[in-house]
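Please read the structure below before turning to the comments.
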Amino acid sequence: MGRFAKAAAAGAAMLLVMLAGCAGRGQDRKPVDDPVARGWEIAAEAGSSISDDERELFEEATEGLTDLDYEPVAVIATQLVSGTNRAYLCTGTVVSPGGGVGWHVMGIYEDLGGGVRLLDIKELDITQPVLSEDPADAETVGAWTVAKPGSDVLSAEVAELFEKAMAGVEGVDFKPIALLGTQIVSGTNYLVLCYGEPVAPDTRGALYLVQIHADLDGGAEVANVGLLDLLAYV
């Protein structure tokens, strides 16, 4: 296991202990920065495609928005209220010619009568994501490029690198949701939003930003693992 993978495994183990501790507490004793304490449920199947109903809700809520062209990628969390709040991971492309593209988290509310309302849109800046705790620094230079979603969660090439890197990580099973960006270094870094499920019983999953480094010889290892602060985006 490479030293980055060892660091990631150690970080995952520490997060596993934190999650296990939270799982054993009563509902009234959970920290206020815990998404579950706020009623949010992380979508374990967020890597699957958007359903027709979810896409219809998204299109209805975003009708009339003209600054960016938004495209839904996944529903990453839901919250039961008097109706349902959904947190959509989506891309936003500037409508003007030559406009750039970025990642966003969009909150959409559906009431009990089927009415839909846009709650908020927050940018998920891949160069400065909001994390619950700082991961170990990776030795990287160069600018990140936003990745455009394809028909698959990861391309065959990136999926192979992801699987190769995950072979050295224990404690949490990571399921990719979306490739957020790439960075050219001595090789390539890939930033992947993942659902992470601890292997220990009675612990719950969370959203992670996993950075994979692929070297020039075809090797791959985990460079960084960060726990995404969902409440900063919903």
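Naming works like this for the structure tokens: A, B, ... for the chains as they're shown, residue 1 at the start of each chain, ligands 1 onward in shown order.
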Exercise. Contacts of stretch 182-199 of chain A at 7 Å or less, counting only C-alpha atoms, minus same-chain residues fewer than 4 places along, as number ranges by chain?
Worked result: A: 16, 44, 140-147, 171-178, 203-216
Exercise. Which residues, written as a PyMOL selection string, have at least one atom at most 12 Å from A:Val105, with only C-alpha atoms counted and residues fewer than 3 positions away on the same chain left out?
Worked result: chain A and resi 58+70-77+86-92+102+108+118-125+129+229-234
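Distance check against A:Ala43 using only C-alpha atoms: of A:Gln79, A:Gly64, A:Leu57, A:Gly226, the minimum falls on A:Gln79.
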Exercise. Taking the backbone alone, and naming residues the way the document does, which bits of stretch 31-209 of chain A are alpha helix (DSSP H) by DSSP, as a VMD selection string?
Worked result: chain A and resid 52 to 62 156 to 166
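The spacing separating atom CA of A:Pro35 from atom CA of A:Glu54 amounts to 21.3 Å.
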Exercise. Would you give me, as a ChimeraX atom specification, the residues in stretch 48-207 of chain A that DSSP reads as strand (DSSP E or B)?
Worked result: /A:68-81,83-94,101-110,116-123,131,144-146,172-185,187-198,206-207
Export, as a PDB file, in the first residue's frame, the selected residues with C-alpha atoms.
```pdb
ATOM      1  CA  LEU A  68     -26.994  29.006 -16.036  1.00  0.00           C
ATOM      2  CA  ASP A  69     -28.143  25.863 -17.797  1.00  0.00           C
ATOM      3  CA  TYR A  70     -28.482  23.286 -15.006  1.00  0.00           C
ATOM      4  CA  GLU A  71     -28.296  19.528 -15.561  1.00  0.00           C
ATOM      5  CA  PRO A  72     -29.088  17.086 -12.716  1.00  0.00           C
ATOM      6  CA  VAL A  73     -26.590  14.289 -12.050  1.00  0.00           C
ATOM      7  CA  ALA A  74     -27.742  12.660  -8.796  1.00  0.00           C
ATOM      8  CA  VAL A  75     -29.992  13.130  -5.780  1.00  0.00           C
ATOM      9  CA  ILE A  76     -27.433  12.921  -2.975  1.00  0.00           C
ATOM     10  CA  ALA A  77     -29.716  13.380   0.052  1.00  0.00           C
ATOM     11  CA  THR A  78     -33.371  13.686   1.055  1.00  0.00           C
ATOM     12  CA  GLN A  79     -35.152  15.206   4.045  1.00  0.00           C
ATOM     13  CA  LEU A  80     -38.723  14.428   5.091  1.00  0.00           C
ATOM     14  CA  VAL A  81     -40.567  17.545   6.209  1.00  0.00           C
ATOM     15  CA  GLY A  83     -43.319  16.971   2.020  1.00  0.00           C
ATOM     16  CA  THR A  84     -39.760  16.199   0.862  1.00  0.00           C
ATOM     17  CA  ASN A  85     -36.591  18.217   0.400  1.00  0.00           C
ATOM     18  CA  ARG A  86     -34.103  16.842  -2.120  1.00  0.00           C
ATOM     19  CA  ALA A  87     -30.466  17.822  -2.567  1.00  0.00           C
ATOM     20  CA  TYR A  88     -29.489  17.507  -6.223  1.00  0.00           C
ATOM     21  CA  LEU A  89     -25.903  17.364  -7.423  1.00  0.00           C
ATOM     22  CA  CYS A  90     -25.921  19.161 -10.760  1.00  0.00           C
ATOM     23  CA  THR A  91     -23.751  20.944 -13.266  1.00  0.00           C
ATOM     24  CA  GLY A  92     -24.312  24.557 -14.227  1.00  0.00           C
ATOM     25  CA  THR A  93     -23.133  25.848 -17.589  1.00  0.00           C
ATOM     26  CA  VAL A  94     -22.975  29.563 -18.377  1.00  0.00           C
ATOM     27  CA  VAL A 101     -19.208  24.882 -16.312  1.00  0.00           C
ATOM     28  CA  GLY A 102     -19.229  24.188 -12.583  1.00  0.00           C
ATOM     29  CA  TRP A 103     -20.730  21.883  -9.967  1.00  0.00           C
ATOM     30  CA  HIS A 104     -23.638  22.902  -7.737  1.00  0.00           C
ATOM     31  CA  VAL A 105     -25.898  21.493  -5.023  1.00  0.00           C
ATOM     32  CA  MET A 106     -29.521  22.504  -5.497  1.00  0.00           C
ATOM     33  CA  GLY A 107     -32.213  22.173  -2.839  1.00  0.00           C
ATOM     34  CA  ILE A 108     -35.723  21.464  -4.140  1.00  0.00           C
ATOM     35  CA  TYR A 109     -38.874  21.130  -2.034  1.00  0.00           C
ATOM     36  CA  GLU A 110     -41.891  19.026  -3.054  1.00  0.00           C
ATOM     37  CA  VAL A 116     -42.399  22.108  -6.338  1.00  0.00           C
ATOM     38  CA  ARG A 117     -40.250  25.010  -5.157  1.00  0.00           C
ATOM     39  CA  LEU A 118     -36.559  25.830  -5.571  1.00  0.00           C
ATOM     40  CA  LEU A 119     -34.976  26.369  -2.145  1.00  0.00           C
ATOM     41  CA  ASP A 120     -31.356  27.257  -2.820  1.00  0.00           C
ATOM     42  CA  ILE A 121     -28.400  26.797  -5.164  1.00  0.00           C
ATOM     43  CA  LYS A 122     -24.872  26.588  -3.796  1.00  0.00           C
ATOM     44  CA  GLU A 123     -21.688  26.163  -5.776  1.00  0.00           C
ATOM     45  CA  LEU A 131     -15.183  19.533   4.510  1.00  0.00           C
ATOM     46  CA  TRP A 144      -8.292  21.594 -11.556  1.00  0.00           C
ATOM     47  CA  THR A 145     -10.538  21.137 -14.579  1.00  0.00           C
ATOM     48  CA  VAL A 146     -14.250  20.533 -14.019  1.00  0.00           C
ATOM     49  CA  VAL A 172     -15.066   2.100   4.386  1.00  0.00           C
ATOM     50  CA  ASP A 173     -16.529   0.913   1.080  1.00  0.00           C
ATOM     51  CA  PHE A 174     -16.583   3.827  -1.361  1.00  0.00           C
ATOM     52  CA  LYS A 175     -19.153   3.973  -4.155  1.00  0.00           C
ATOM     53  CA  PRO A 176     -18.534   6.677  -6.790  1.00  0.00           C
ATOM     54  CA  ILE A 177     -21.330   9.164  -7.471  1.00  0.00           C
ATOM     55  CA  ALA A 178     -19.613  11.517  -9.916  1.00  0.00           C
ATOM     56  CA  LEU A 179     -16.190  12.490 -11.220  1.00  0.00           C
ATOM     57  CA  LEU A 180     -15.981  16.176 -10.275  1.00  0.00           C
ATOM     58  CA  GLY A 181     -12.638  17.177 -11.739  1.00  0.00           C
ATOM     59  CA  THR A 182      -9.175  16.295 -12.991  1.00  0.00           C
ATOM     60  CA  GLN A 183      -5.755  17.808 -12.396  1.00  0.00           C
ATOM     61  CA  ILE A 184      -2.638  17.277 -14.493  1.00  0.00           C
ATOM     62  CA  VAL A 185       0.457  16.728 -12.350  1.00  0.00           C
ATOM     63  CA  GLY A 187       0.329  11.885 -13.926  1.00  0.00           C
ATOM     64  CA  THR A 188      -3.316  12.800 -13.241  1.00  0.00           C
ATOM     65  CA  ASN A 189      -5.395  13.433 -10.128  1.00  0.00           C
ATOM     66  CA  TYR A 190      -9.103  12.575 -10.161  1.00  0.00           C
ATOM     67  CA  LEU A 191     -11.567  14.070  -7.664  1.00  0.00           C
ATOM     68  CA  VAL A 192     -14.531  11.744  -7.122  1.00  0.00           C
ATOM     69  CA  LEU A 193     -17.618  12.377  -4.994  1.00  0.00           C
ATOM     70  CA  CYS A 194     -18.440   9.098  -3.259  1.00  0.00           C
ATOM     71  CA  TYR A 195     -20.920   7.530  -0.896  1.00  0.00           C
ATOM     72  CA  GLY A 196     -18.844   5.869   1.804  1.00  0.00           C
ATOM     73  CA  GLU A 197     -20.347   3.039   3.821  1.00  0.00           C
ATOM     74  CA  PRO A 198     -18.397   1.835   6.884  1.00  0.00           C
ATOM     75  CA  ALA A 206     -21.651   9.684   4.459  1.00  0.00           C
ATOM     76  CA  LEU A 207     -20.477  11.689   1.455  1.00  0.00           C
TER      77      LEU A 207
END
```
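Reported to one decimal place, the separation of atom CA of A:Val225 from atom CA of A:Val130 is 12.8 Å.
The space separating atom CA of A:Ala200 from atom CA of A:Glu170 comes to 10.8 Å.
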